[in-house]
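Enquirer: First the structure, then my questions, so here it is.
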Amino acid sequence: MTDAPGPVIEHVEQELVRWLARVAVPDAPPPPGPGPAEASVEGRLAQVEACLTRAGRQAQETIALLQEAEAALAAWRDRMAALRGVRTP
């Protein structure tokens with residue numbers, strides 16, 4: 001007797017939808033306004049720094065979510081292996 005892949009695929013798809021709902025897509029920064037060249041460069045540098053900081057934070061959040069998903073998958077695999085050991089051929 002083999003298990004139908006439908007429920008497993010549905011579970012994976014549901015987990016993916018939940019994960020995608022938690023991941024924030026950053027908004028594009030507004031274009032720089034008119035001003036002296038020096039102030040414009042400083043402003044752009046500040047924007048780049050802010051974007052890098054935000055990207056680093058989002059990367060850390062994404063890594064944490066991926067680690068959670070990896071742990072959930074490992075637990076699921078362990079359960080499947082345990083179930084296979086209990087079944088009789």
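Starting from 1 in every chain, residues are counted up; chains themselves are A, B, ... following the order of the structure tokens, and ligands are numbered from 1 as listed.
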Could you name the residues that touch A:Leu66 at 12 Å or less, counting only C-alpha atoms, but leaving out those on the same chain fewer than 4 positions away, as an NGL selection string?
Expert: :A and (15-16 or 19-20 or 22-23 or 59-62 or 70-73)
Enquirer: Between atom CA of A:Val8 and atom CA of A:Trp76, what is the spacing in Å?
Expert: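 Going from atom CA of A:Trp76 over to atom CA of A:Val8, I get 9.9 Å.
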Enquirer: What does the structure give for the distance between atom CA of A:His11 and atom CA of A:Ala74, in Å to one decimal?
Expert: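 Between atom CA of A:His11 and atom CA of A:Ala74 the gap works out to 14.2 Å.
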